[in-house]
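Okay, run_25.cif now, which holds mmCIF, C-alpha atoms:
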```
data_query
#
loop_
_atom_site.label_atom_id
_atom_site.label_comp_id
_atom_site.auth_asym_id
_atom_site.auth_seq_id
_atom_site.Cartn_x
_atom_site.Cartn_y
_atom_site.Cartn_z
CA MET B 140 71.05 87.10 6.94
CA SER B 141 74.65 87.64 7.99
CA THR B 142 75.38 90.44 10.46
CA PRO B 143 79.14 90.28 11.09
CA ASP B 144 79.40 93.78 12.58
CA VAL B 145 76.82 93.12 15.28
CA GLY B 146 77.90 91.99 18.73
CA VAL B 147 75.82 90.13 21.30
CA ILE B 148 77.35 89.81 24.74
CA PHE B 149 75.91 87.59 27.43
CA ASP B 150 76.30 87.52 31.17
CA PHE B 151 76.99 84.02 32.50
CA ASP B 152 75.63 83.34 36.00
CA GLY B 153 71.83 83.22 36.02
CA LEU B 154 71.61 84.29 32.37
CA LEU B 155 73.20 81.49 30.36
CA VAL B 156 73.56 78.92 33.13
CA ASP B 157 71.57 78.29 36.30
CA THR B 158 74.30 78.62 38.91
CA ALA B 159 72.72 80.17 42.01
CA HIS B 160 72.28 76.87 43.85
CA VAL B 161 75.78 75.74 42.88
CA TRP B 162 77.38 78.88 44.32
CA LEU B 163 75.27 78.63 47.47
CA GLU B 164 76.15 74.99 48.12
CA SER B 165 79.82 75.57 47.36
CA GLU B 166 80.08 78.64 49.58
CA ARG B 167 78.30 76.87 52.42
CA ALA B 168 80.65 73.89 52.18
CA ALA B 169 83.83 75.97 52.00
CA PHE B 170 83.03 78.63 54.57
CA SER B 171 81.40 76.28 57.08
CA ALA B 172 84.80 74.61 57.43
CA VAL B 173 86.04 77.80 59.13
CA GLY B 174 82.89 78.37 61.16
CA VAL B 175 81.03 80.79 58.87
CA GLU B 176 77.31 80.21 58.38
CA VAL B 177 76.27 81.20 54.84
CA THR B 178 72.55 81.89 54.66
CA GLU B 179 70.59 81.93 51.43
CA GLU B 180 69.39 85.50 52.01
CA GLU B 181 72.89 86.86 52.61
CA GLN B 182 74.23 84.83 49.70
CA ARG B 183 71.76 86.67 47.51
CA LEU B 184 73.28 89.96 48.68
CA THR B 185 76.73 88.83 47.55
CA ALA B 186 75.65 87.12 44.33
CA ASP B 187 76.72 90.02 42.09
CA LEU B 188 80.20 90.28 43.61
CA THR B 189 83.39 88.71 42.34
CA THR B 190 84.63 85.70 44.30
CA SER B 191 87.22 87.86 46.05
CA GLY B 192 84.47 90.30 46.98
CA VAL B 193 82.35 87.48 48.41
CA THR B 194 85.29 86.23 50.45
CA ASP B 195 85.99 89.73 51.78
CA TYR B 196 82.33 90.07 52.76
CA TRP B 197 82.28 86.89 54.83
CA PHE B 198 85.65 87.57 56.43
CA ALA B 199 84.52 91.03 57.50
CA LYS B 200 81.33 89.57 58.95
CA SER B 201 82.93 86.58 60.68
CA PRO B 202 86.77 86.58 60.65
CA TRP B 203 88.41 83.16 60.71
CA HIS B 204 91.86 81.81 61.47
CA GLY B 205 94.07 79.13 60.01
CA ARG B 206 93.33 79.56 56.30
CA SER B 207 93.92 82.55 54.08
CA LYS B 208 91.10 84.35 52.31
CA ARG B 209 92.61 83.34 48.98
CA ASP B 210 92.63 79.69 50.04
CA LEU B 211 88.91 79.83 50.87
CA GLU B 212 88.17 81.70 47.65
CA LEU B 213 89.92 79.03 45.59
CA ASP B 214 88.07 76.32 47.49
CA VAL B 215 84.75 77.83 46.43
CA ILE B 216 85.91 78.34 42.84
CA HIS B 217 87.08 74.75 42.48
CA ARG B 218 83.84 73.38 43.91
CA VAL B 219 81.74 75.45 41.49
CA ARG B 220 83.98 74.68 38.53
CA ASP B 221 83.87 70.96 39.17
CA ALA B 222 80.09 70.94 39.62
CA LEU B 223 79.47 72.87 36.41
CA ALA B 224 82.01 70.83 34.48
CA ARG B 225 79.98 67.74 35.39
CA GLU B 226 76.45 68.94 34.76
CA PRO B 227 75.70 72.59 33.98
CA THR B 228 72.04 73.51 33.60
CA PRO B 229 71.41 76.03 30.82
CA MET B 230 68.77 78.66 31.42
CA PRO B 231 65.60 78.29 29.32
CA GLY B 232 66.23 79.37 25.75
CA ALA B 233 69.96 80.00 26.24
CA LEU B 234 71.41 77.36 23.94
CA ARG B 235 68.89 78.03 21.20
CA LEU B 236 69.56 81.77 21.34
CA ILE B 237 73.31 81.22 21.10
CA ASP B 238 72.73 79.05 18.03
CA ARG B 239 70.38 81.57 16.44
CA CYS B 240 72.78 84.47 16.96
CA SER B 241 75.75 82.44 15.77
CA SER B 242 73.93 81.29 12.64
CA ARG B 243 73.28 84.94 11.76
CA GLY B 244 76.99 85.68 11.89
CA MET B 245 76.76 87.86 14.98
CA ARG B 246 79.92 88.15 17.04
CA LEU B 247 79.26 86.59 20.42
CA GLY B 248 80.92 87.23 23.75
CA VAL B 249 80.56 86.59 27.45
CA ALA B 250 81.30 89.12 30.19
CA THR B 251 81.02 87.82 33.73
CA ASN B 252 82.05 88.48 37.31
CA ALA B 253 82.69 84.74 37.65
CA PRO B 254 86.23 83.34 37.40
CA GLY B 255 87.30 82.28 33.93
CA THR B 256 87.79 78.64 34.86
CA VAL B 257 84.17 78.39 36.05
CA CYS B 258 82.68 79.99 32.96
CA ARG B 259 84.85 78.23 30.40
CA SER B 260 84.38 74.75 31.88
CA ALA B 261 80.59 75.13 31.75
CA LEU B 262 80.58 76.50 28.20
CA ALA B 263 82.81 73.64 27.09
CA LYS B 264 80.53 71.06 28.72
CA LEU B 265 77.52 72.61 26.96
CA ALA B 266 79.45 72.44 23.65
CA VAL B 267 79.05 76.17 22.93
CA ALA B 268 82.53 77.46 23.81
CA GLY B 269 83.41 77.69 20.12
CA ASP B 270 80.55 80.08 19.45
CA PHE B 271 82.16 82.85 21.50
CA GLY B 272 84.85 85.12 20.13
CA ALA B 273 85.58 86.57 23.57
CA VAL B 274 85.04 85.39 27.13
CA ILE B 275 85.87 88.05 29.71
CA SER B 276 85.87 87.04 33.36
CA ALA B 277 86.75 88.59 36.70
CA ASP B 278 90.32 87.42 36.05
CA ASP B 279 90.67 89.80 33.10
CA VAL B 280 89.72 93.15 34.65
CA SER B 281 90.68 95.03 37.78
CA LYS B 282 87.10 96.06 38.54
CA GLY B 283 84.05 93.83 38.10
CA LYS B 284 80.47 94.86 37.47
CA PRO B 285 78.85 97.34 38.00
CA GLU B 286 81.98 98.91 36.52
CA PRO B 287 81.86 98.71 32.70
CA ASP B 288 85.37 97.28 32.27
CA SER B 289 84.40 93.70 31.38
CA TYR B 290 81.92 94.80 28.72
CA LEU B 291 84.31 97.30 27.18
CA LEU B 292 87.07 94.69 27.02
CA CYS B 293 84.71 92.12 25.53
CA ALA B 294 83.66 94.51 22.76
CA ALA B 295 87.30 95.33 22.04
CA GLN B 296 88.21 91.66 21.75
CA LEU B 297 85.28 91.15 19.39
CA GLY B 298 86.64 93.99 17.27
CA LEU B 299 83.53 96.13 17.76
CA ARG B 300 82.71 99.53 19.17
CA PRO B 301 80.49 99.32 22.26
CA GLU B 302 77.50 100.91 20.54
CA TYR B 303 77.40 97.99 18.07
CA CYS B 304 76.80 95.54 20.90
CA THR B 305 73.64 94.29 22.58
CA VAL B 306 73.92 92.83 26.06
CA PHE B 307 71.69 90.26 27.72
CA GLU B 308 71.82 90.63 31.50
CA ASP B 309 69.82 89.35 34.47
CA THR B 310 70.93 91.58 37.37
CA PRO B 311 70.70 95.31 38.07
CA SER B 312 74.47 95.62 38.61
CA GLY B 313 75.19 93.88 35.31
CA ILE B 314 72.72 96.09 33.48
CA GLU B 315 74.35 99.15 35.02
CA ALA B 316 77.76 97.95 33.81
CA ALA B 317 76.55 97.39 30.24
CA ALA B 318 74.71 100.71 30.14
CA ARG B 319 77.80 102.52 31.38
CA ALA B 320 79.71 100.84 28.55
CA GLY B 321 77.31 102.44 26.07
CA MET B 322 75.56 99.24 25.01
CA PHE B 323 71.92 98.41 24.38
CA VAL B 324 70.74 96.21 27.25
CA VAL B 325 68.06 93.53 27.29
CA GLY B 326 67.18 92.64 30.87
CA VAL B 327 66.11 89.09 31.70
CA PRO B 328 65.68 88.97 35.49
CA SER B 329 66.60 85.62 37.03
CA ASP B 330 65.27 86.66 40.44
CA PRO B 331 61.66 87.94 40.49
CA ARG B 332 62.63 90.32 43.28
CA ASP B 333 64.86 92.19 40.81
CA THR B 334 62.21 92.61 38.11
CA GLU B 335 61.20 96.18 38.96
CA ARG B 336 64.81 97.42 39.01
CA VAL B 337 65.66 95.51 35.83
CA GLU B 338 62.68 97.05 34.05
CA ALA B 339 63.80 100.51 35.17
CA LEU B 340 67.44 100.10 34.13
CA ALA B 341 67.33 98.05 30.92
CA ASN B 342 66.37 99.29 27.45
CA LEU B 343 64.09 96.27 27.13
CA CYS B 344 62.94 93.65 29.62
CA LEU B 345 61.93 90.06 28.77
CA PRO B 346 60.71 87.24 31.02
CA SER B 347 63.29 84.76 29.66
CA LEU B 348 65.63 84.14 26.75
CA GLU B 349 62.88 82.03 25.21
CA ALA B 350 61.02 85.28 24.57
CA VAL B 351 63.69 86.57 22.16
CA SER B 352 61.97 86.58 18.78
CA ASP B 353 63.50 86.57 15.30
CA ARG B 354 61.97 90.00 14.84
CA LEU B 355 63.86 91.29 17.88
CA LEU B 356 67.13 89.86 16.57
CA ASP B 357 66.45 91.59 13.24
CA GLN B 358 65.80 94.86 15.07
CA LEU B 359 69.00 94.56 17.10
CA ALA B 360 71.01 93.86 13.95
CA ASP B 361 69.39 96.77 12.12
CA ARG B 362 70.04 99.09 15.06
CA SER B 363 73.75 98.29 14.99
CA ALA B 364 73.94 98.52 11.21
CA ARG B 365 72.40 102.00 11.26
CA ARG B 366 74.84 103.14 13.94
CA SER B 367 77.81 101.85 11.94
CA LYS B 368 76.90 104.18 9.07
CA HIS B 369 77.33 107.29 11.22
#
```

What does the file become when written as structure tokens?
Amino acid sequence: MSTPDVGVIFDFDGLLVDTAHVWLESERAAFSAVGVEVTEEEQRLTADLTTSGVTDYWFAKSPWHGRSKRDLELDVIHRVRDALAREPTPMPGALRLIDRCSSRGMRLGVATNAPGTVCRSALAKLAVAGDFGAVISADDVSKGKPEPDSYLLCAAQLGLRPEYCTVFEDTPSGIEAAARAGMFVVGVPSDPRDTERVEALANLCLPSLEAVSDRLLDQLADRSARRSKH
């Protein structure tokens, strides 16, 4: 079954690729060089921010001297990019779901708060970059999630109206962004502590991408097809 007018947009960090430990290790290495102690708990609080937002957070908490905020931000980005370019770890079910959606003719996209170089290097290493018609990163919009800008731009680049798109997201802020864009949202919490909020915000909540059935994909395609007739 071909469904060319149906869009599926994925978040990147924690949804397609397991990146939490990579960001934590990279931020610790970069910020410790200027005397900032990055704890795992506080890193969780900044996980949904763009890299510039993370850098602003740590500078406000513990100002440093000698290196610019942009220099530290780029240090973190390059560390994460290089790590993921070597050995990205896909989340359970991610690669199979990409293949299943692609084989149905769905238009696939990525919308992420991560920098484009980080996302694209990982997708290339996983040999799925060619499956995506649009990859929207923090570099492409002025406001990251929970603002809807990245999802709206992704839909536009896929040539679809927002209501024809289904989003797979793992965080409350990402779900909020997709919902504000007018998209159907499937929540797949990567952090068990977010499960209750994800269940409250998303249209549907699943334990992992492995739980996406063929029946659900049929339902998502049918939902978009019915909307396109109105």

Put a box with edges along x, y and z around all the listed atoms of range 236-254 of chain B, pad it by 5 Å on each side, then give me its centre and sizes in Å, one decimal, as lines of an AutoDock Vina configuration file.
```
center_x = 77.9
center_y = 84.1
center_z = 24.7
size_x = 26.7
size_y = 20.1
size_z = 35.9
```

Residues selected by the PyMOL selection byres ((chain B and resi 198-202) around 9), written as a list in words: Val173, Gly174, Val175, Glu176, Val193, Thr194, Asp195, Tyr196, Trp197, Trp203, His204 and Lys208 of chain B

Reference answer for the PyMOL selection byres ((chain B and resi 307) around 8), as a PyMOL selection string: chain B and resi 147-150+154+305-306+308-309+324-327

Protein/DNA/RNA residues near (86.8, 93.1, 25.6), cut 10 Å, all atoms listed in the file, as a ChimeraX atom specification: /B:248-250,272-276,279-280,288-301

Now that the selection is made, can you save its residues with C-alpha atoms as a PDB file, keeping the file's coordinate frame?
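Wrote it out as again04.pdb, contents follow:
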```
ATOM      1  CA  GLY B 248      80.920  87.230  23.750  1.00  0.00           C
ATOM      2  CA  VAL B 249      80.560  86.590  27.450  1.00  0.00           C
ATOM      3  CA  ALA B 250      81.300  89.120  30.190  1.00  0.00           C
ATOM      4  CA  GLY B 272      84.850  85.120  20.130  1.00  0.00           C
ATOM      5  CA  ALA B 273      85.580  86.570  23.570  1.00  0.00           C
ATOM      6  CA  VAL B 274      85.040  85.390  27.130  1.00  0.00           C
ATOM      7  CA  ILE B 275      85.870  88.050  29.710  1.00  0.00           C
ATOM      8  CA  SER B 276      85.870  87.040  33.360  1.00  0.00           C
ATOM      9  CA  ASP B 279      90.670  89.800  33.100  1.00  0.00           C
ATOM     10  CA  VAL B 280      89.720  93.150  34.650  1.00  0.00           C
ATOM     11  CA  ASP B 288      85.370  97.280  32.270  1.00  0.00           C
ATOM     12  CA  SER B 289      84.400  93.700  31.380  1.00  0.00           C
ATOM     13  CA  TYR B 290      81.920  94.800  28.720  1.00  0.00           C
ATOM     14  CA  LEU B 291      84.310  97.300  27.180  1.00  0.00           C
ATOM     15  CA  LEU B 292      87.070  94.690  27.020  1.00  0.00           C
ATOM     16  CA  CYS B 293      84.710  92.120  25.530  1.00  0.00           C
ATOM     17  CA  ALA B 294      83.660  94.510  22.760  1.00  0.00           C
ATOM     18  CA  ALA B 295      87.300  95.330  22.040  1.00  0.00           C
ATOM     19  CA  GLN B 296      88.210  91.660  21.750  1.00  0.00           C
ATOM     20  CA  LEU B 297      85.280  91.150  19.390  1.00  0.00           C
ATOM     21  CA  GLY B 298      86.640  93.990  17.270  1.00  0.00           C
ATOM     22  CA  LEU B 299      83.530  96.130  17.760  1.00  0.00           C
ATOM     23  CA  ARG B 300      82.710  99.530  19.170  1.00  0.00           C
ATOM     24  CA  PRO B 301      80.490  99.320  22.260  1.00  0.00           C
TER      25      PRO B 301
END
```

Pick from B:Ala159, B:Leu359, B:Ala168, B:Leu348 nearest to Pro328 in chain B, counting all atoms listed in the file: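 Ranking B:Ala159, B:Leu359, B:Ala168, B:Leu348 by distance to Pro328 in chain B, first place goes to B:Leu348.
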
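For the pair CA of Pro254 in chain B and CA of Asp278 in chain B, the interatomic distance is 5.9 Å.
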
Hits from the PyMOL selection byres ((chain B and resi 224) around 6), listed as an MDAnalysis selection string: chainID B and resid 220:223 225:226 260:261 264

Nearest to Leu356 in chain B, chosen from B:Thr158, B:Ser242, B:Thr185, B:Thr178, with all atoms listed in the file counted in the distances: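 For Leu356 in chain B, the nearest of the candidates is B:Ser242.
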
Pick from B:Ser352, B:Ser347, B:Ser207, B:Thr310 nearest to Glu335 in chain B, counting only C-alpha atoms: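 Between B:Ser352, B:Ser347, B:Ser207, B:Thr310, the residue approaching Glu335 in chain B most closely is B:Thr310.
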
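The shortest atom-to-atom distance to Asp357 in chain B, with only C-alpha atoms taken into account, belongs to B:Val145 out of B:Val145, B:Val177, B:Ala253, B:Val215.
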
Pick from B:Met245, B:Ala350, B:Leu236, B:Ala360, whichever lies nearest to Phe323 in chain B using only C-alpha atoms: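 Checking each of B:Met245, B:Ala350, B:Leu236, B:Ala360 against Phe323 in chain B, counting only C-alpha atoms, the winner is B:Ala360.
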
CA of Gly269 in chain B to CA of Asn342 in chain B, distance in Å rounded to a single decimal: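 It comes out at 28.5 Å.
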
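When only C-alpha atoms are used to measure the gap to Glu302 in chain B, the shortest distance among B:Arg218, B:Arg259, B:Lys284, B:Arg319 belongs to B:Arg319.
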
Atom pair CA of Pro231 in chain B / CA of Gly192 in chain B: separation (Å): 28.5 Å

Residue list as an MDAnalysis selection string for point (69.0, 93.4, 37.9), cut-off 7 Å, only C-alpha atoms: chainID B and resid 309:314 328 333:334 336:337

Can you rebuild range 277-288 of chain B with all heavy atoms and give it as a PDB file, in the coordinates of the input?
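Final output, result.pdb:
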```pdb
ATOM      1  N   ALA B 277      86.199  87.744  35.634  1.00  0.00           N
ATOM      2  CA  ALA B 277      86.750  88.590  36.700  1.00  0.00           C
ATOM      3  C   ALA B 277      88.276  88.569  36.694  1.00  0.00           C
ATOM      4  O   ALA B 277      88.912  89.499  37.211  1.00  0.00           O
ATOM      5  CB  ALA B 277      86.224  88.118  38.053  1.00  0.00           C
ATOM      6  N   ASP B 278      88.868  87.524  36.106  1.00  0.00           N
ATOM      7  CA  ASP B 278      90.320  87.420  36.050  1.00  0.00           C
ATOM      8  C   ASP B 278      90.945  88.436  35.092  1.00  0.00           C
ATOM      9  O   ASP B 278      92.144  88.707  35.171  1.00  0.00           O
ATOM     10  CB  ASP B 278      90.736  86.018  35.593  1.00  0.00           C
ATOM     11  CG  ASP B 278      90.087  84.920  36.409  1.00  0.00           C
ATOM     12  OD1 ASP B 278      89.900  85.120  37.623  1.00  0.00           O
ATOM     13  OD2 ASP B 278      89.754  83.871  35.830  1.00  0.00           O
ATOM     14  N   ASP B 279      90.135  88.978  34.190  1.00  0.00           N
ATOM     15  CA  ASP B 279      90.670  89.800  33.100  1.00  0.00           C
ATOM     16  C   ASP B 279      90.591  91.293  33.334  1.00  0.00           C
ATOM     17  O   ASP B 279      91.130  92.078  32.548  1.00  0.00           O
ATOM     18  CB  ASP B 279      89.920  89.469  31.803  1.00  0.00           C
ATOM     19  CG  ASP B 279      90.016  87.998  31.446  1.00  0.00           C
ATOM     20  OD1 ASP B 279      91.152  87.474  31.419  1.00  0.00           O
ATOM     21  OD2 ASP B 279      88.967  87.373  31.207  1.00  0.00           O
ATOM     22  N   VAL B 280      89.885  91.711  34.392  1.00  0.00           N
ATOM     23  CA  VAL B 280      89.720  93.150  34.650  1.00  0.00           C
ATOM     24  C   VAL B 280      90.012  93.436  36.121  1.00  0.00           C
ATOM     25  O   VAL B 280      89.895  92.563  36.982  1.00  0.00           O
ATOM     26  CB  VAL B 280      88.278  93.612  34.308  1.00  0.00           C
ATOM     27  CG1 VAL B 280      88.034  93.546  32.811  1.00  0.00           C
ATOM     28  CG2 VAL B 280      87.240  92.792  35.055  1.00  0.00           C
ATOM     29  N   SER B 281      90.383  94.668  36.393  1.00  0.00           N
ATOM     30  CA  SER B 281      90.680  95.030  37.780  1.00  0.00           C
ATOM     31  C   SER B 281      89.426  95.344  38.573  1.00  0.00           C
ATOM     32  O   SER B 281      89.409  95.217  39.799  1.00  0.00           O
ATOM     33  CB  SER B 281      91.631  96.242  37.812  1.00  0.00           C
ATOM     34  OG  SER B 281      91.051  97.351  37.150  1.00  0.00           O
ATOM     35  N   LYS B 282      88.365  95.734  37.870  1.00  0.00           N
ATOM     36  CA  LYS B 282      87.100  96.060  38.540  1.00  0.00           C
ATOM     37  C   LYS B 282      85.956  95.326  37.855  1.00  0.00           C
ATOM     38  O   LYS B 282      85.770  95.438  36.645  1.00  0.00           O
ATOM     39  CB  LYS B 282      86.839  97.568  38.509  1.00  0.00           C
ATOM     40  CG  LYS B 282      87.849  98.397  39.277  1.00  0.00           C
ATOM     41  CD  LYS B 282      87.514  99.868  39.194  1.00  0.00           C
ATOM     42  CE  LYS B 282      88.532 100.708  39.969  1.00  0.00           C
ATOM     43  NZ  LYS B 282      88.226 102.160  39.870  1.00  0.00           N
ATOM     44  N   GLY B 283      85.198  94.559  38.645  1.00  0.00           N
ATOM     45  CA  GLY B 283      84.050  93.830  38.100  1.00  0.00           C
ATOM     46  C   GLY B 283      82.828  94.727  37.992  1.00  0.00           C
ATOM     47  O   GLY B 283      82.856  95.922  38.297  1.00  0.00           O
ATOM     48  N   LYS B 284      81.739  94.146  37.550  1.00  0.00           N
ATOM     49  CA  LYS B 284      80.470  94.860  37.470  1.00  0.00           C
ATOM     50  C   LYS B 284      80.077  95.320  38.885  1.00  0.00           C
ATOM     51  O   LYS B 284      80.347  94.612  39.848  1.00  0.00           O
ATOM     52  CB  LYS B 284      79.385  93.946  36.910  1.00  0.00           C
ATOM     53  CG  LYS B 284      79.732  93.329  35.558  1.00  0.00           C
ATOM     54  CD  LYS B 284      78.688  92.272  35.184  1.00  0.00           C
ATOM     55  CE  LYS B 284      79.122  91.491  33.964  1.00  0.00           C
ATOM     56  NZ  LYS B 284      78.156  90.421  33.615  1.00  0.00           N
ATOM     57  N   PRO B 285      79.500  96.510  39.022  1.00  0.00           N
ATOM     58  CA  PRO B 285      78.850  97.340  38.000  1.00  0.00           C
ATOM     59  C   PRO B 285      79.759  98.274  37.207  1.00  0.00           C
ATOM     60  O   PRO B 285      79.271  99.111  36.456  1.00  0.00           O
ATOM     61  CB  PRO B 285      77.870  98.169  38.848  1.00  0.00           C
ATOM     62  CG  PRO B 285      78.559  98.342  40.151  1.00  0.00           C
ATOM     63  CD  PRO B 285      79.263  97.036  40.389  1.00  0.00           C
ATOM     64  N   GLU B 286      81.074  98.155  37.392  1.00  0.00           N
ATOM     65  CA  GLU B 286      81.980  98.910  36.520  1.00  0.00           C
ATOM     66  C   GLU B 286      81.871  98.338  35.099  1.00  0.00           C
ATOM     67  O   GLU B 286      81.630  97.132  34.913  1.00  0.00           O
ATOM     68  CB  GLU B 286      83.412  98.812  37.018  1.00  0.00           C
ATOM     69  CG  GLU B 286      83.625  99.416  38.394  1.00  0.00           C
ATOM     70  CD  GLU B 286      83.286 100.889  38.448  1.00  0.00           C
ATOM     71  OE1 GLU B 286      83.559 101.604  37.472  1.00  0.00           O
ATOM     72  OE2 GLU B 286      82.726 101.314  39.471  1.00  0.00           O
ATOM     73  N   PRO B 287      82.070  99.154  34.078  1.00  0.00           N
ATOM     74  CA  PRO B 287      81.860  98.710  32.700  1.00  0.00           C
ATOM     75  C   PRO B 287      83.037  97.963  32.072  1.00  0.00           C
ATOM     76  O   PRO B 287      82.958  97.537  30.914  1.00  0.00           O
ATOM     77  CB  PRO B 287      81.616 100.021  31.956  1.00  0.00           C
ATOM     78  CG  PRO B 287      82.452 101.014  32.707  1.00  0.00           C
ATOM     79  CD  PRO B 287      82.348 100.600  34.157  1.00  0.00           C
ATOM     80  N   ASP B 288      84.120  97.774  32.837  1.00  0.00           N
ATOM     81  CA  ASP B 288      85.370  97.280  32.270  1.00  0.00           C
ATOM     82  C   ASP B 288      85.219  95.970  31.479  1.00  0.00           C
ATOM     83  O   ASP B 288      85.778  95.812  30.396  1.00  0.00           O
ATOM     84  CB  ASP B 288      86.411  97.084  33.378  1.00  0.00           C
ATOM     85  CG  ASP B 288      86.675  98.339  34.176  1.00  0.00           C
ATOM     86  OD1 ASP B 288      85.730  99.108  34.404  1.00  0.00           O
ATOM     87  OD2 ASP B 288      87.823  98.560  34.597  1.00  0.00           O
TER      88      ASP B 288
END
```
